[in-house]
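Shown next: model-v1.cif, given as mmCIF, C-alpha atoms.
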data_entry
loop_
_atom_site.label_atom_id
_atom_site.label_comp_id
_atom_site.auth_asym_id
_atom_site.auth_seq_id
_atom_site.Cartn_x
_atom_site.Cartn_y
_atom_site.Cartn_z
CA MET A 1 -6.71 -19.76 27.50
CA ILE A 2 -5.51 -19.67 23.97
CA LYS A 3 -3.76 -16.93 22.05
CA LEU A 4 -5.92 -15.24 19.42
CA ASP A 5 -4.57 -13.01 16.65
CA ILE A 6 -6.91 -11.19 14.32
CA VAL A 7 -4.99 -9.61 11.48
CA THR A 8 -5.93 -7.88 8.27
CA ALA A 9 -3.71 -6.79 5.41
CA GLU A 10 -3.73 -3.33 6.94
CA ARG A 11 -3.22 -3.91 10.64
CA VAL A 12 -3.34 -6.18 13.65
CA VAL A 13 -6.83 -5.79 15.07
CA PHE A 14 -6.71 -8.03 18.11
CA SER A 15 -4.00 -10.00 19.86
CA GLU A 16 -4.75 -11.42 23.29
CA ASP A 17 -5.23 -14.62 25.23
CA VAL A 18 -8.89 -15.66 25.16
CA ASP A 19 -11.21 -18.41 26.39
CA VAL A 20 -13.63 -18.88 23.49
CA VAL A 21 -13.96 -17.69 19.92
CA LEU A 22 -17.26 -17.83 18.06
CA ALA A 23 -16.81 -17.24 14.35
CA PRO A 24 -19.02 -17.24 11.25
CA GLY A 25 -17.59 -20.18 9.31
CA VAL A 26 -18.89 -21.06 5.83
CA GLU A 27 -20.24 -24.31 7.18
CA GLY A 28 -22.04 -22.60 9.99
CA GLN A 29 -21.31 -20.74 13.17
CA LEU A 30 -18.32 -22.23 14.85
CA GLY A 31 -16.98 -22.13 18.37
CA VAL A 32 -13.35 -22.73 19.20
CA LEU A 33 -12.10 -23.64 22.66
CA PRO A 34 -8.55 -24.42 23.68
CA HIS A 35 -7.36 -27.89 22.53
CA HIS A 36 -9.49 -27.74 19.41
CA ALA A 37 -8.25 -29.90 16.55
CA PRO A 38 -6.13 -28.08 13.93
CA LEU A 39 -8.52 -26.44 11.52
CA MET A 40 -8.52 -24.10 8.58
CA THR A 41 -11.82 -22.63 7.50
CA ILE A 42 -13.20 -19.88 5.32
CA LEU A 43 -15.17 -17.20 7.14
CA GLU A 44 -18.35 -15.54 5.96
CA PRO A 45 -19.12 -11.88 6.53
CA GLY A 46 -20.56 -11.61 9.99
CA GLU A 47 -19.75 -11.06 13.60
CA LEU A 48 -17.02 -12.66 15.58
CA LEU A 49 -17.43 -13.00 19.32
CA VAL A 50 -14.53 -13.41 21.69
CA ARG A 51 -14.86 -14.28 25.38
CA LYS A 52 -12.11 -13.65 27.83
CA GLY A 53 -12.70 -14.03 31.53
CA GLY A 54 -15.94 -12.16 32.10
CA GLU A 55 -15.39 -9.87 29.12
CA GLU A 56 -16.85 -10.12 25.66
CA PHE A 57 -15.54 -8.54 22.49
CA LEU A 58 -17.57 -8.27 19.34
CA MET A 59 -16.09 -7.72 15.94
CA ALA A 60 -17.46 -7.31 12.46
CA VAL A 61 -15.52 -9.27 9.85
CA SER A 62 -16.24 -9.16 6.14
CA GLY A 63 -14.94 -12.61 5.35
CA GLY A 64 -11.53 -14.20 5.59
CA PHE A 65 -10.00 -17.29 7.14
CA LEU A 66 -9.70 -18.86 10.55
CA GLU A 67 -6.86 -21.13 11.44
CA VAL A 68 -6.67 -23.16 14.62
CA ARG A 69 -3.29 -24.50 15.61
CA PRO A 70 -2.42 -26.31 18.82
CA ASP A 71 -1.06 -23.18 20.47
CA ARG A 72 -3.01 -20.36 18.85
CA ILE A 73 -5.90 -19.18 16.74
CA ILE A 74 -5.27 -16.92 13.79
CA VAL A 75 -7.94 -15.01 11.93
CA LEU A 76 -6.94 -13.62 8.55
CA ALA A 77 -9.75 -11.16 7.97
CA ASP A 78 -10.49 -9.13 4.86
CA THR A 79 -11.59 -6.36 7.15
CA ALA A 80 -12.22 -6.54 10.87
CA GLU A 81 -13.42 -3.89 13.24
CA ARG A 82 -14.29 -3.93 16.87
CA ALA A 83 -17.95 -3.18 17.36
CA GLU A 84 -17.20 -0.08 19.39
CA GLU A 85 -15.01 1.23 16.56
CA ILE A 86 -17.77 1.15 14.01
CA ASP A 87 -19.24 4.54 13.40
CA ILE A 88 -22.82 3.85 12.37
CA ALA A 89 -23.38 7.30 10.92
CA ARG A 90 -20.27 7.01 8.81
CA ALA A 91 -21.07 3.53 7.60
CA GLU A 92 -24.56 4.70 6.68
CA GLU A 93 -23.15 7.65 4.84
CA ALA A 94 -20.67 5.44 2.99
CA LYS A 95 -23.50 3.17 1.93
CA GLN A 96 -25.52 6.05 0.54
CA ARG A 97 -22.53 7.48 -1.28
CA ALA A 98 -21.60 4.17 -2.83
CA LYS A 99 -25.19 3.58 -3.93
CA GLN A 100 -25.33 7.00 -5.49
CA TRP A 101 -22.09 6.37 -7.41
CA LEU A 102 -23.47 3.15 -8.77
CA GLU A 103 -26.74 4.73 -9.84
CA GLU A 104 -25.12 7.67 -11.55
CA GLY A 105 -22.96 5.39 -13.62
CA ILE A 106 -19.21 5.82 -13.51
CA PRO A 107 -16.14 4.41 -15.27
CA ASP A 108 -15.35 0.74 -14.73
CA VAL A 109 -12.43 1.11 -12.40
CA ASP A 110 -14.34 3.37 -10.06
CA ARG A 111 -17.28 1.08 -10.32
CA ALA A 112 -15.37 -1.80 -8.78
CA ARG A 113 -14.29 0.50 -6.02
CA ALA A 114 -17.81 1.70 -5.37
CA GLU A 115 -19.14 -1.83 -5.28
CA ALA A 116 -16.50 -2.83 -2.78
CA ALA A 117 -17.30 0.20 -0.66
CA LEU A 118 -20.97 -0.64 -0.72
CA ARG A 119 -20.33 -4.23 0.29
CA ARG A 120 -18.16 -3.13 3.15
CA ALA A 121 -20.67 -0.61 4.41
CA LEU A 122 -23.43 -3.21 4.33
CA VAL A 123 -21.38 -5.73 6.30
CA ARG A 124 -20.58 -3.14 8.91
CA LEU A 125 -24.14 -2.02 9.31
CA GLY A 126 -25.32 -5.61 9.40
CA ALA A 127 -22.83 -6.48 12.10
CA VAL A 128 -23.73 -3.51 14.22
CA GLU A 129 -27.38 -4.37 13.83
CA ARG A 130 -26.85 -8.00 14.79
CA ILE A 131 -24.68 -7.01 17.69
CA ARG A 132 -27.35 -4.69 18.99
CA ARG A 133 -30.00 -7.35 18.70
CA ARG A 134 -27.82 -9.80 20.53
CA ARG A 135 -27.34 -7.36 23.36
CA ARG A 136 -31.05 -6.87 23.73
CA ARG A 137 -31.65 -10.59 23.98
CA PRO A 138 -31.84 -11.39 27.70
CA GLY A 139 -29.34 -13.74 29.20
CA SER A 140 -26.70 -13.56 26.50
CA MET B 1 23.55 50.67 -7.45
CA ALA B 2 21.27 48.60 -9.65
CA ASP B 3 23.58 45.70 -9.00
CA ILE B 4 22.90 45.85 -5.25
CA ARG B 5 19.17 45.85 -5.75
CA LEU B 6 19.39 42.87 -8.04
CA ILE B 7 21.40 40.87 -5.53
CA ARG B 8 18.98 41.75 -2.79
CA ARG B 9 16.06 40.58 -4.84
CA ARG B 10 17.84 37.34 -5.68
CA ILE B 11 18.54 36.66 -1.99
CA ARG B 12 14.89 37.08 -1.17
CA GLY B 13 13.89 34.73 -3.96
CA VAL B 14 16.29 32.00 -2.90
CA GLN B 15 15.19 32.34 0.71
CA SER B 16 11.57 31.79 -0.12
CA THR B 17 12.47 28.78 -2.27
CA ALA B 18 14.36 27.35 0.69
CA LYS B 19 11.30 27.86 2.84
CA ILE B 20 9.20 25.85 0.41
CA THR B 21 11.71 23.03 0.07
CA ARG B 22 12.07 22.84 3.82
CA ALA B 23 8.31 22.48 4.20
CA MET B 24 8.24 19.83 1.48
CA GLU B 25 10.98 17.93 3.25
CA MET B 26 9.00 17.86 6.46
CA ILE B 27 5.84 16.74 4.73
CA ALA B 28 7.72 13.97 2.93
CA THR B 29 9.22 12.78 6.21
CA LEU B 30 5.80 12.51 7.73
CA LYS B 31 4.30 10.70 4.78
CA MET B 32 7.21 8.31 4.62
CA ARG B 33 6.77 7.38 8.25
CA ARG B 34 3.06 6.79 7.74
CA ALA B 35 3.64 4.52 4.76
CA GLN B 36 6.28 2.56 6.66
CA GLU B 37 4.03 2.08 9.66
CA ARG B 38 1.21 0.80 7.50
CA GLY B 39 3.54 -1.58 5.74
CA LEU B 40 4.74 -2.97 9.06
CA ALA B 41 1.22 -3.26 10.43
CA GLY B 42 0.29 -5.60 7.61
CA ARG B 43 3.31 -7.82 7.89
CA PRO B 44 1.80 -10.47 10.22
CA TYR B 45 -0.99 -11.01 7.70
CA ALA B 46 1.47 -11.34 4.86
CA GLU B 47 3.62 -13.90 6.68
CA LYS B 48 0.61 -15.89 7.74
CA ILE B 49 -1.06 -16.10 4.36
CA TRP B 50 2.21 -17.09 2.74
CA GLN B 51 2.71 -19.88 5.25
CA VAL B 52 -0.78 -21.25 4.75
CA ILE B 53 -0.37 -21.21 0.97
CA SER B 54 2.89 -23.10 1.29
CA ASP B 55 1.21 -25.64 3.58
CA LEU B 56 -1.63 -26.10 1.14
CA ALA B 57 0.52 -26.34 -1.92
CA ALA B 58 2.54 -29.06 -0.22
CA LEU B 59 -0.62 -31.16 0.08
CA PRO B 60 -1.21 -33.74 -2.63
CA GLN B 61 -3.66 -32.24 -5.11
CA GLU B 62 -6.85 -34.24 -5.24
CA GLU B 63 -7.96 -33.86 -8.81
CA GLY B 64 -4.50 -33.18 -10.09
CA VAL B 65 -5.73 -29.84 -11.38
CA LEU B 66 -3.64 -26.93 -10.25
CA HIS B 67 -5.31 -23.67 -9.35
CA PRO B 68 -5.07 -21.25 -12.30
CA LEU B 69 -2.97 -18.81 -10.31
CA LEU B 70 -0.43 -21.53 -9.60
CA GLN B 71 -0.27 -22.87 -13.14
CA ARG B 72 2.85 -22.24 -15.07
CA ARG B 73 2.16 -21.77 -18.74
CA GLU B 74 4.10 -21.26 -21.89
CA VAL B 75 4.78 -17.54 -21.99
CA ASN B 76 3.18 -15.67 -24.86
CA LYS B 77 2.58 -12.42 -23.11
CA ILE B 78 4.04 -10.72 -20.08
CA ALA B 79 2.44 -8.03 -17.98
CA ILE B 80 4.32 -5.67 -15.73
CA VAL B 81 2.64 -3.74 -12.97
CA HIS B 82 4.78 -0.65 -13.14
CA ILE B 83 4.52 1.32 -9.92
CA ALA B 84 5.88 4.85 -10.00
CA PRO B 85 4.94 8.07 -8.23
CA ASP B 86 2.34 10.53 -9.46
CA ARG B 87 4.68 13.42 -8.86
CA GLY B 88 8.28 14.36 -9.46
CA LEU B 89 10.72 16.24 -7.25
CA CYS B 90 12.06 13.03 -5.81
CA GLY B 91 15.58 12.85 -7.19
CA GLY B 92 16.45 10.00 -9.49
CA LEU B 93 13.70 7.69 -8.30
CA ASN B 94 11.39 8.07 -11.29
CA ALA B 95 14.19 7.73 -13.80
CA ASN B 96 15.52 4.63 -12.05
CA ILE B 97 12.27 2.72 -11.98
CA ASN B 98 11.41 3.68 -15.54
CA ARG B 99 14.83 2.61 -16.74
CA LYS B 100 14.56 -0.67 -14.87
CA THR B 101 11.26 -1.61 -16.49
CA ALA B 102 12.30 -0.34 -19.91
CA GLY B 103 15.50 -2.39 -19.77
CA PHE B 104 13.48 -5.48 -18.96
CA ILE B 105 10.98 -4.89 -21.75
CA VAL B 106 13.72 -4.48 -24.33
CA ALA B 107 15.28 -7.79 -23.30
CA GLN B 108 12.06 -9.79 -23.78
CA LYS B 109 11.21 -11.81 -26.84
CA VAL B 110 7.46 -11.85 -26.23
CA PRO B 111 5.20 -8.80 -26.14
CA VAL B 112 4.97 -6.96 -22.85
CA SER B 113 1.99 -5.01 -21.63
CA ILE B 114 2.13 -2.40 -18.93
CA ILE B 115 -0.29 -1.80 -16.10
CA ALA B 116 0.81 1.62 -15.01
CA VAL B 117 0.27 2.75 -11.44
CA GLY B 118 1.23 6.37 -10.98
CA ARG B 119 1.37 9.12 -13.56
CA LYS B 120 5.13 9.35 -13.94
CA GLY B 121 5.39 5.77 -15.06
CA TRP B 122 2.42 6.08 -17.36
CA ASP B 123 3.78 9.23 -19.01
CA PHE B 124 7.09 7.56 -19.61
CA MET B 125 5.63 4.41 -21.12
CA ARG B 126 3.23 6.35 -23.31
CA ARG B 127 6.00 8.61 -24.56
CA HIS B 128 7.93 5.56 -25.68
CA GLY B 129 4.97 3.96 -27.39
CA GLN B 130 4.80 1.05 -24.98
CA GLU B 131 1.58 -0.95 -24.95
CA ILE B 132 -0.39 0.06 -21.88
CA TYR B 133 -3.09 -2.19 -20.63
CA ALA B 134 -4.44 -0.08 -17.82
CA GLU B 135 -3.57 3.06 -15.98
CA PHE B 136 -4.14 3.92 -12.34
CA SER B 137 -3.14 7.30 -11.02
CA GLN B 138 -4.08 9.54 -8.14
CA ILE B 139 -3.93 6.62 -5.80
CA GLY B 140 -2.90 9.07 -3.09
CA ASP B 141 -0.29 8.98 -0.38
CA TRP B 142 -2.10 6.64 1.93
CA PRO B 143 -4.18 4.18 -0.03
CA SER B 144 -6.22 1.58 1.79
CA LEU B 145 -6.32 -2.01 0.67
CA LEU B 146 -9.62 -1.15 -0.97
CA ASP B 147 -8.03 1.47 -3.19
CA THR B 148 -5.62 -1.07 -4.62
CA LEU B 149 -8.19 -3.79 -5.26
CA PRO B 150 -9.07 -2.67 -8.81
CA ILE B 151 -5.41 -3.13 -9.74
CA SER B 152 -5.16 -6.66 -8.40
CA ARG B 153 -8.56 -7.50 -9.87
CA ILE B 154 -7.39 -6.69 -13.39
CA ILE B 155 -4.25 -8.77 -12.96
CA ILE B 156 -6.09 -11.78 -11.59
CA ASP B 157 -8.85 -11.64 -14.21
CA GLU B 158 -6.47 -11.33 -17.13
CA TYR B 159 -4.26 -14.08 -15.82
CA GLN B 160 -7.14 -16.45 -15.34
CA LYS B 161 -8.47 -15.65 -18.79
CA GLY B 162 -5.08 -16.56 -20.18
CA ALA B 163 -4.53 -13.12 -21.71
CA ILE B 164 -1.24 -12.87 -19.84
CA ASP B 165 1.05 -15.69 -18.79
CA LEU B 166 3.51 -14.00 -16.50
CA VAL B 167 3.12 -11.00 -14.23
CA TYR B 168 5.87 -8.92 -12.70
CA LEU B 169 5.79 -6.14 -10.17
CA ALA B 170 8.15 -3.25 -10.86
CA TYR B 171 8.54 -0.90 -7.92
CA THR B 172 11.06 0.91 -5.81
CA GLN B 173 12.16 -1.08 -2.82
CA PHE B 174 12.72 0.76 0.40
CA VAL B 175 16.18 -0.20 1.63
CA SER B 176 16.77 2.71 3.97
CA THR B 177 15.95 6.38 4.13
CA MET B 178 18.99 7.06 1.98
CA THR B 179 18.78 4.16 -0.46
CA GLN B 180 15.93 2.98 -2.60
CA LYS B 181 16.32 0.31 -5.20
CA ALA B 182 14.28 -0.24 -8.33
CA VAL B 183 13.31 -3.90 -8.46
CA LEU B 184 11.32 -6.23 -10.64
CA GLN B 185 9.82 -9.25 -8.96
CA PRO B 186 7.54 -12.01 -10.23
CA LEU B 187 3.96 -11.98 -8.96
CA LEU B 188 2.16 -14.61 -11.04
CA PRO B 189 2.15 -17.54 -11.22
CA VAL B 190 2.39 -17.84 -7.45
CA GLU B 191 5.26 -20.12 -6.56
CA PRO B 192 4.90 -21.42 -3.04
CA GLU B 193 8.00 -22.38 -1.15
CA THR B 194 8.42 -26.10 -0.97
CA VAL B 195 10.25 -25.86 2.32
CA LEU B 196 8.40 -27.76 5.01
CA THR B 197 7.06 -25.32 7.58
CA GLY B 198 7.17 -27.56 10.62
CA GLY B 199 5.13 -30.37 9.12
CA ASN B 200 1.87 -29.11 10.59
CA VAL B 201 -0.16 -30.55 7.75
CA ASP B 202 -2.82 -32.37 9.74
CA TYR B 203 -5.51 -29.76 9.36
CA ILE B 204 -9.22 -30.12 8.97
CA TYR B 205 -10.12 -27.97 6.00
CA GLU B 206 -13.58 -26.50 5.78
CA PRO B 207 -15.13 -26.77 3.25
CA GLY B 208 -12.06 -28.42 1.63
CA SER B 209 -8.42 -27.73 0.99
CA SER B 210 -8.87 -26.76 -2.65
CA GLU B 211 -11.70 -24.35 -1.78
CA VAL B 212 -9.55 -22.75 0.87
CA LEU B 213 -6.73 -22.40 -1.62
CA ASP B 214 -9.12 -20.90 -4.18
CA GLU B 215 -10.05 -18.23 -1.69
CA LEU B 216 -6.56 -17.66 -0.41
CA LEU B 217 -4.69 -17.14 -3.66
CA PRO B 218 -6.52 -14.03 -4.92
CA ARG B 219 -6.16 -12.50 -1.47
CA PHE B 220 -2.51 -13.24 -1.50
CA VAL B 221 -2.14 -11.38 -4.79
CA GLU B 222 -4.21 -8.47 -3.50
CA MET B 223 -2.13 -8.30 -0.37
CA GLN B 224 1.12 -8.31 -2.30
CA VAL B 225 0.03 -5.56 -4.63
CA TYR B 226 -1.09 -3.49 -1.66
CA HIS B 227 2.17 -3.98 0.19
CA VAL B 228 4.33 -3.23 -2.77
CA ILE B 229 2.42 0.00 -3.38
CA LEU B 230 2.93 1.01 0.23
CA GLU B 231 6.61 0.29 -0.07
CA ALA B 232 6.82 2.29 -3.28
CA ILE B 233 5.18 5.20 -1.48
CA ALA B 234 7.64 4.99 1.40
CA SER B 235 10.48 5.00 -1.15
CA GLU B 236 9.03 7.92 -3.05
CA GLN B 237 8.64 9.99 0.08
CA SER B 238 12.07 9.23 1.43
CA ALA B 239 13.62 10.06 -1.94
CA ARG B 240 11.69 13.32 -1.94
CA MET B 241 12.76 14.01 1.60
CA VAL B 242 16.43 13.63 0.68
CA ALA B 243 16.05 15.65 -2.52
CA MET B 244 14.35 18.46 -0.66
CA ARG B 245 16.93 18.46 2.09
CA ASN B 246 19.66 18.84 -0.51
CA ALA B 247 17.74 21.64 -2.16
CA THR B 248 17.37 23.44 1.15
CA ASP B 249 21.09 23.05 1.89
CA ASN B 250 22.01 24.34 -1.53
CA ALA B 251 19.71 27.31 -1.13
CA THR B 252 21.22 28.17 2.24
CA GLU B 253 24.69 28.04 0.76
CA LEU B 254 23.61 30.21 -2.14
CA VAL B 255 22.15 32.78 0.24
CA GLN B 256 25.46 32.94 2.09
CA ASP B 257 27.43 33.55 -1.11
CA LEU B 258 24.95 36.13 -2.27
CA THR B 259 25.00 37.93 1.07
CA LEU B 260 28.78 38.13 0.85
CA ALA B 261 28.58 39.55 -2.65
CA TYR B 262 25.88 41.94 -1.55
CA ASN B 263 27.91 43.29 1.38
CA LYS B 264 30.96 43.67 -0.82
CA ALA B 265 29.03 45.59 -3.45
CA ARG B 266 27.43 47.80 -0.81
CA GLN B 267 30.78 48.63 0.75
CA GLU B 268 32.29 49.40 -2.62
CA ALA B 269 29.48 51.79 -3.37
CA ILE B 270 29.94 53.58 -0.07
CA THR B 271 33.70 53.84 -0.55
CA LYS B 272 33.17 55.23 -4.01
CA GLU B 273 30.76 57.85 -2.69
CA ILE B 274 33.17 58.93 0.02
CA LEU B 275 35.95 59.21 -2.52
CA ASP B 276 33.71 61.33 -4.72
CA ILE B 277 32.89 63.70 -1.87
CA ALA B 278 36.48 63.81 -0.67
CA GLY B 279 37.65 64.47 -4.24
CA GLY B 280 35.07 67.24 -4.65
CA ALA B 281 36.10 68.87 -1.39
CA ALA B 282 39.79 68.68 -2.36
CA ALA B 283 39.03 70.33 -5.72
CA LEU B 284 37.22 73.21 -4.01
CA ALA B 285 39.97 73.79 -1.52
#

Spit out the file's structure as C-alpha cells when you get a sec.
Amino acid sequence: MIKLDIVTAERVVFSEDVDVVLAPGVEGQLGVLPHHAPLMTILEPGELLVRKGGEEFLMAVSGGFLEVRPDRIIVLADTAERAEEIDIARAEEAKQRAKQWLEEGIPDVDRARAEAALRRALVRLGAVERIRRRRRRPGS
Amino acid sequence: MADIRLIRRRIRGVQSTAKITRAMEMIATLKMRRAQERGLAGRPYAEKIWQVISDLAALPQEEGVLHPLLQRREVNKIAIVHIAPDRGLCGGLNANINRKTAGFIVAQKVPVSIIAVGRKGWDFMRRHGQEIYAEFSQIGDWPSLLDTLPISRIIIDEYQKGAIDLVYLAYTQFVSTMTQKAVLQPLLPVEPETVLTGGNVDYIYEPGSSEVLDELLPRFVEMQVYHVILEAIASEQSARMVAMRNATDNATELVQDLTLAYNKARQEAITKEILDIAGGAAALA
C-alpha cells in the first residue's frame, strides 16, 4: 500500500492508500508499485487507473505531473475527474459550444478560453471512450 | 399633517433599503465562504508545485541556461496585474487597492503597464491616464482555473518575449472577515526558495529535469494568478458583507429615530385637535 494524492489547482480529487497506479507518462504508460524509485514525470492527457484491494478507480487527467517519493505518490493534474463524475452529455455539449465559438470568430481573449474549453472537452470524451473500451475488453 | 405623512413615507423607504442591504449581506457571506473554500481546496497543489520547483531549481543547471521565467533581467518595464472588484458597495476596498497600486507606480523610475482585472481597477487606471496593457472584467464570483488562464497567458507570453521585465500582483489579501489588506507581491521572475527541502534530490526525471521545469513554471504562474484572484474575491465579498451589515444597522437606527419623531408629531396633532374642540366648546358655552 502506498498513499496516493491526486490534486489539481482547484481541489483534491483523490487521497487514499492504493496498491498500484497506472499513469499516462510522456515516455509511455507507467505503472507505480510501492517501493518504486523516486521519480518525477510529466503526464500526458489520458486515463489514470488506480487499484486498491479488489477495487479499480479510473480517472481522466488532461496532463500534469506525477511524483513518486518513498512514502507517497503525488499527482499534480491540470484537471482530473473520476470516470463516474464525467457527464458525457455535458462534455459533448461543451465540445459543440466551443467549436461553434471558434467557427464564429470571437475576440482574442475569448478565443483562448474557447480553445481551452474545447481541449478539455475532447480529453474528457476521449477518456470516457477509452474507459468504456477497456471495460468491454474481457479479463481486464 | 403633511409632516406626518412625509415621515411615514421616509420610514417606509428606509425600511425597504434595509431589506435590500440585509439581502446583500447574506449573499456576500455566502459568496465569501465559497471563495474561501475554493482557495483552501487548491492549497495542497500550490504547496506541492512550489516544493518541486524549489527542488528543481536547487539542481545544478545542465546547460547553464536559466529558464526564461527564472531569469532576472535589467528592468526596463514593469507590469502590474491589478486585481480589483467589478462592483462597488464594498467599503474602502476599491479605494485601498487602487491607492496601493497608484502609489507604487508613482514611485517607479521605469514605465509601468497595467493588466487590469476587474472593472473598478480598470476605470480608475483609465481615469488617471495610466497605460493599460489588457483588461479583464466580468470574471464572475466563482471563476474556475480555466477562466483565469487568459490572464496568466498574457503575462507569461509578454515576459518571455522580453516586453516586460518584472511582474507584480496587486490584490486585496484576506486577513480575516473584518480586515483585508491591499498588497503588492512579485510574481515574475519566479524566485525559488533556496532552503533545502529535506534533501530529497535523488529523483529520476522523465523526460529530463529541465523539461519538467519548463512545464512546471507556467503552471506555477497560472496557479498563483488563480489563487490570488480567489483571495481577492473572498476579500471583496467580506468587505461587502461588513459594509452591508453597517448599512443595515444604520437603517434600523434611522427607522427608530424616525418612528419616535413620527409618534411625537402624531401626538402633537391629536393634542392640538382636542384643544381646538375644547376651545370651541368653551367659546359656545

TODO: Restrict the distance test to all atoms listed in the file, flag each residue of chain B within 6 Å of chain A, and return the flagged residues as a PyMOL selection string.
DONE: chain B and resi 41-42+45+203-206

TODO: Using all atoms listed in the file, determine which residues lie at most 8 Å from range 154-166 of chain B, disregarding the query and same-chain residues fewer than 2 positions distant; provide the list as a PyMOL selection string.
DONE: chain B and resi 68-69+72-79+150-152+168+186-189+218+221

TODO: Run through the PyMOL selection byres ((chain A and resi 1) around 12) on the given coordinates and return the selected residues as an NGL selection string.
DONE: :A and (2-4 or 16-21 or 32-36 or 50-53 or 70-73)

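Coordinates place CA of Ser209 in chain B at a distance of 26.2 Å from CA of Phe14 in chain A.
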
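You can rank B:Ala247, B:Ile233, B:Ala182, B:Ile277 by their closest distance to Gly92 in chain B using all atoms listed in the file, and at the top of that list sits B:Ala182.
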
- [ ] For the point (-27.3, -6.5, 6.8) in the file's frame, write as a count of residues only all residues with an atom no more than 12 Å away, counting all atoms listed in the file.
- [x] 22

Open item on the list: Residues near range 256-267 of chain B, anyone? I mean within 10 Å using only C-alpha atoms, not counting same-chain ones fewer than 2 positions away, as a ChimeraX atom specification.
Closed with: /B:1,3-8,10-11,14,250-254,269-273

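With the shown file loaded, the PyMOL selection byres ((chain B and resi 239) around 8) picks out Cys90, Gly91, Leu93, Thr177, Met178, Thr179, Gln180, Ser235, Glu236, Gln237, Ser238, Arg240, Met241, Val242 and Ala243 of chain B.
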
Export, as a PDB file, keeping the file's coordinate frame, the selected residues with C-alpha atoms.
ATOM      1  CA  CYS B  90      12.060  13.030  -5.810  1.00  0.00           C
ATOM      2  CA  GLY B  91      15.580  12.850  -7.190  1.00  0.00           C
ATOM      3  CA  LEU B  93      13.700   7.690  -8.300  1.00  0.00           C
ATOM      4  CA  THR B 177      15.950   6.380   4.130  1.00  0.00           C
ATOM      5  CA  MET B 178      18.990   7.060   1.980  1.00  0.00           C
ATOM      6  CA  THR B 179      18.780   4.160  -0.460  1.00  0.00           C
ATOM      7  CA  GLN B 180      15.930   2.980  -2.600  1.00  0.00           C
ATOM      8  CA  SER B 235      10.480   5.000  -1.150  1.00  0.00           C
ATOM      9  CA  GLU B 236       9.030   7.920  -3.050  1.00  0.00           C
ATOM     10  CA  GLN B 237       8.640   9.990   0.080  1.00  0.00           C
ATOM     11  CA  SER B 238      12.070   9.230   1.430  1.00  0.00           C
ATOM     12  CA  ARG B 240      11.690  13.320  -1.940  1.00  0.00           C
ATOM     13  CA  MET B 241      12.760  14.010   1.600  1.00  0.00           C
ATOM     14  CA  VAL B 242      16.430  13.630   0.680  1.00  0.00           C
ATOM     15  CA  ALA B 243      16.050  15.650  -2.520  1.00  0.00           C
TER      16      ALA B 243
END

TODO: With a distance cut-off of 8 Å and only C-alpha atoms, select the neighbouring residues of Lys19 in chain B, excluding the residue or stretch itself and same-chain residues fewer than 4 positions from it, and output the selection as JSON, numbers by chain.
DONE: {"B": [15, 23, 248]}

Keeping only C-alpha atoms, write the selected residues to a file as a JSON list (two decimals), in the coordinates of the input.
[["chain", "number", "residue", "atom", "x", "y", "z"],
["B", 15, "GLN", "CA", 15.19, 32.34, 0.71],
["B", 23, "ALA", "CA", 8.31, 22.48, 4.20],
["B", 248, "THR", "CA", 17.37, 23.44, 1.15]]

Task: Distance in Å - CA of Gly88 in chain B versus CA of Glu222 in chain B - done: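 Spanning CA of Gly88 in chain B to CA of Glu222 in chain B is a straight-line distance of 26.7 Å.
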
Task: Atomic distance CA of Trp50 in chain B - CA of Thr172 in chain B, expressed in Å with one decimal - done: 21.8 Å
